[in-house]
Amino acid sequence: MIGKVPIIRVAKGEINKTEDVVAKESSLTIILDDQEIATLRCSPANQEYLALGFLLSQNLINSIVLTSGRASSEMLRKIAQRDVPVVASISAPTESGIKLADERGITLLGFVREKRINIYTNNWRLLT
């Protein structure tokens, strides 16, 4: 959600009254196993990813990471440190990301959309 606020803009020696567009905050309460874990203040977009990231960072879950971004070696290195076995993205992984996922035993999924999925590494978790 976006709101507008009145501001005074100073640019090139001129002072003007105008409006600026700012993000609105909302509360996100994370509940796990019927227990309130945390309430966070955040912008309302992509709260699912914020909740997953929080739960992973607090070591409350460690089973899957969902991302809309490219699965890079940097991302997979951090995920591997948390012993997360599966990473799923709607984008393609990088070549280095695939290599690292394979070396660390991570099942790497890409182009996860609609009725399509590419399995890049460790398919034994999904195809038995």
# chains A, B, ... in the order shown; residues from 1 in each chain; ligands from 1
>>> select_by_dssp(residues="chain A", states="strand (DSSP E)", output="PyMOL selection string")
chain A and resi 2-11+14-23+26-32+35-42+64-67+86-89+107-113+116-121
>>> closest_residue(among="A:Val5, A:Ala92, A:Leu127, A:Val21", to="A:Phe111", atoms="only C-alpha atoms")
A:Ala92
>>> closest_atom_pairs(of="stretch 56-99 of chain A", to="stretch 116-120 of chain A", cutoff="12 Å", atoms="only C-alpha atoms", output="tab-separated table")
residue	atom	partner	partner_atom	distance
A:Ala71	CA	A:Tyr120	CA	11.1
A:Val86	CA	A:Ile119	CA	10.6
A:Val87	CA	A:Ile119	CA	10.2
A:Ala88	CA	A:Ile117	CA	9.1
A:Ser89	CA	A:Ile117	CA	9.3
A:Ile90	CA	A:Ile117	CA	8.7
A:Ser91	CA	A:Asn118	CA	10.0
A:Ala92	CA	A:Asn118	CA	8.8
A:Pro93	CA	A:Tyr120	CA	8.6
A:Thr94	CA	A:Tyr120	CA	10.6
A:Glu95	CA	A:Tyr120	CA	10.1
A:Ser96	CA	A:Tyr120	CA	11.9
A:Gly97	CA	A:Tyr120	CA	9.9
A:Ile98	CA	A:Tyr120	CA	6.7
A:Lys99	CA	A:Tyr120	CA	9.4
>>> closest_residue(among="A:Leu50, A:Pro44, A:Ile31, A:Ile79", to="A:Arg104", atoms="only C-alpha atoms")
A:Ile79
>>> select_by_dssp(residues="stretch 51-95 of chain A", states="helix (DSSP H, G or I)", output="short mmCIF file (atom, residue, chain, number, x, y, z; two decimals) with N, CA and C atoms, in the first residue's frame")
data_model
loop_
_atom_site.label_atom_id
_atom_site.label_comp_id
_atom_site.auth_asym_id
_atom_site.auth_seq_id
_atom_site.Cartn_x
_atom_site.Cartn_y
_atom_site.Cartn_z
N ALA A 51 8.07 -13.57 6.35
CA ALA A 51 7.78 -14.56 7.39
C ALA A 51 8.72 -15.76 7.26
N LEU A 52 8.91 -16.26 6.05
CA LEU A 52 9.83 -17.40 5.86
C LEU A 52 11.25 -17.04 6.25
N GLY A 53 11.70 -15.85 5.83
CA GLY A 53 13.04 -15.40 6.18
C GLY A 53 13.23 -15.27 7.68
N PHE A 54 12.23 -14.72 8.35
CA PHE A 54 12.31 -14.59 9.81
C PHE A 54 12.39 -15.96 10.48
N LEU A 55 11.51 -16.87 10.07
CA LEU A 55 11.51 -18.21 10.67
C LEU A 55 12.83 -18.94 10.43
N LEU A 56 13.39 -18.78 9.23
CA LEU A 56 14.69 -19.39 8.95
C LEU A 56 15.80 -18.75 9.78
N SER A 57 15.80 -17.42 9.87
CA SER A 57 16.86 -16.73 10.61
C SER A 57 16.84 -17.06 12.10
N SER A 73 25.06 -18.67 -6.22
CA SER A 73 25.94 -19.41 -5.30
C SER A 73 25.97 -18.73 -3.94
N GLU A 74 25.91 -17.40 -3.91
CA GLU A 74 25.90 -16.67 -2.63
C GLU A 74 24.67 -17.03 -1.81
N MET A 75 23.51 -17.04 -2.46
CA MET A 75 22.28 -17.40 -1.77
C MET A 75 22.35 -18.85 -1.27
N LEU A 76 22.80 -19.75 -2.13
CA LEU A 76 22.86 -21.17 -1.77
C LEU A 76 23.89 -21.45 -0.68
N ARG A 77 24.96 -20.68 -0.64
CA ARG A 77 25.96 -20.83 0.42
C ARG A 77 25.31 -20.54 1.78
N LYS A 78 24.53 -19.48 1.87
CA LYS A 78 23.85 -19.12 3.12
C LYS A 78 22.79 -20.17 3.49
N ILE A 79 22.08 -20.65 2.49
CA ILE A 79 21.06 -21.67 2.72
C ILE A 79 21.71 -22.97 3.21
N ALA A 80 22.83 -23.33 2.62
CA ALA A 80 23.54 -24.56 3.00
C ALA A 80 24.01 -24.49 4.46
N GLN A 81 24.38 -23.32 4.93
CA GLN A 81 24.81 -23.16 6.33
C GLN A 81 23.68 -23.47 7.30
N GLU A 95 24.85 -20.95 -12.92
CA GLU A 95 25.68 -22.15 -13.07
C GLU A 95 26.42 -22.44 -11.77
#
>>> atom_distance(atom1="atom CA of A:Gln58", atom2="atom CA of A:Thr121")
26.6 Å
>>> closest_residue(among="A:Ser26, A:Ile2, A:Arg125, A:Gly110", to="A:Thr39", atoms="only C-alpha atoms")
A:Ser26
>>> decode(residues="stretch 83-109 of chain A", atoms="C-alpha atoms", output="compact mmCIF listing (two decimals), in the first residue's frame")
# COMPACT_ATOMS: atom_id res chain seq x y z
CA ASP A 83 21.00 -27.21 6.38
CA VAL A 84 17.96 -26.42 4.24
CA PRO A 85 17.49 -29.37 1.86
CA VAL A 86 15.24 -27.79 -0.83
CA VAL A 87 15.32 -24.43 -2.65
CA ALA A 88 12.54 -23.51 -5.08
CA SER A 89 12.52 -20.43 -7.31
CA ILE A 90 10.34 -19.08 -10.08
CA SER A 91 13.56 -17.98 -11.80
CA ALA A 92 16.54 -19.84 -13.24
CA PRO A 93 19.57 -20.60 -11.04
CA THR A 94 23.11 -19.58 -11.94
CA GLU A 95 25.68 -22.15 -13.07
CA SER A 96 27.66 -21.59 -9.85
CA GLY A 97 24.46 -21.97 -7.84
CA ILE A 98 23.73 -25.33 -9.47
CA LYS A 99 27.26 -26.56 -8.77
CA LEU A 100 27.12 -25.51 -5.12
CA ALA A 101 23.65 -27.02 -4.61
CA ASP A 102 24.86 -30.31 -6.07
CA GLU A 103 28.00 -30.35 -3.91
CA ARG A 104 26.03 -29.56 -0.73
CA GLY A 105 23.20 -32.03 -1.40
CA ILE A 106 20.53 -29.36 -1.89
CA THR A 107 17.60 -30.13 -4.18
CA LEU A 108 17.44 -27.08 -6.45
CA LEU A 109 14.23 -26.28 -8.32
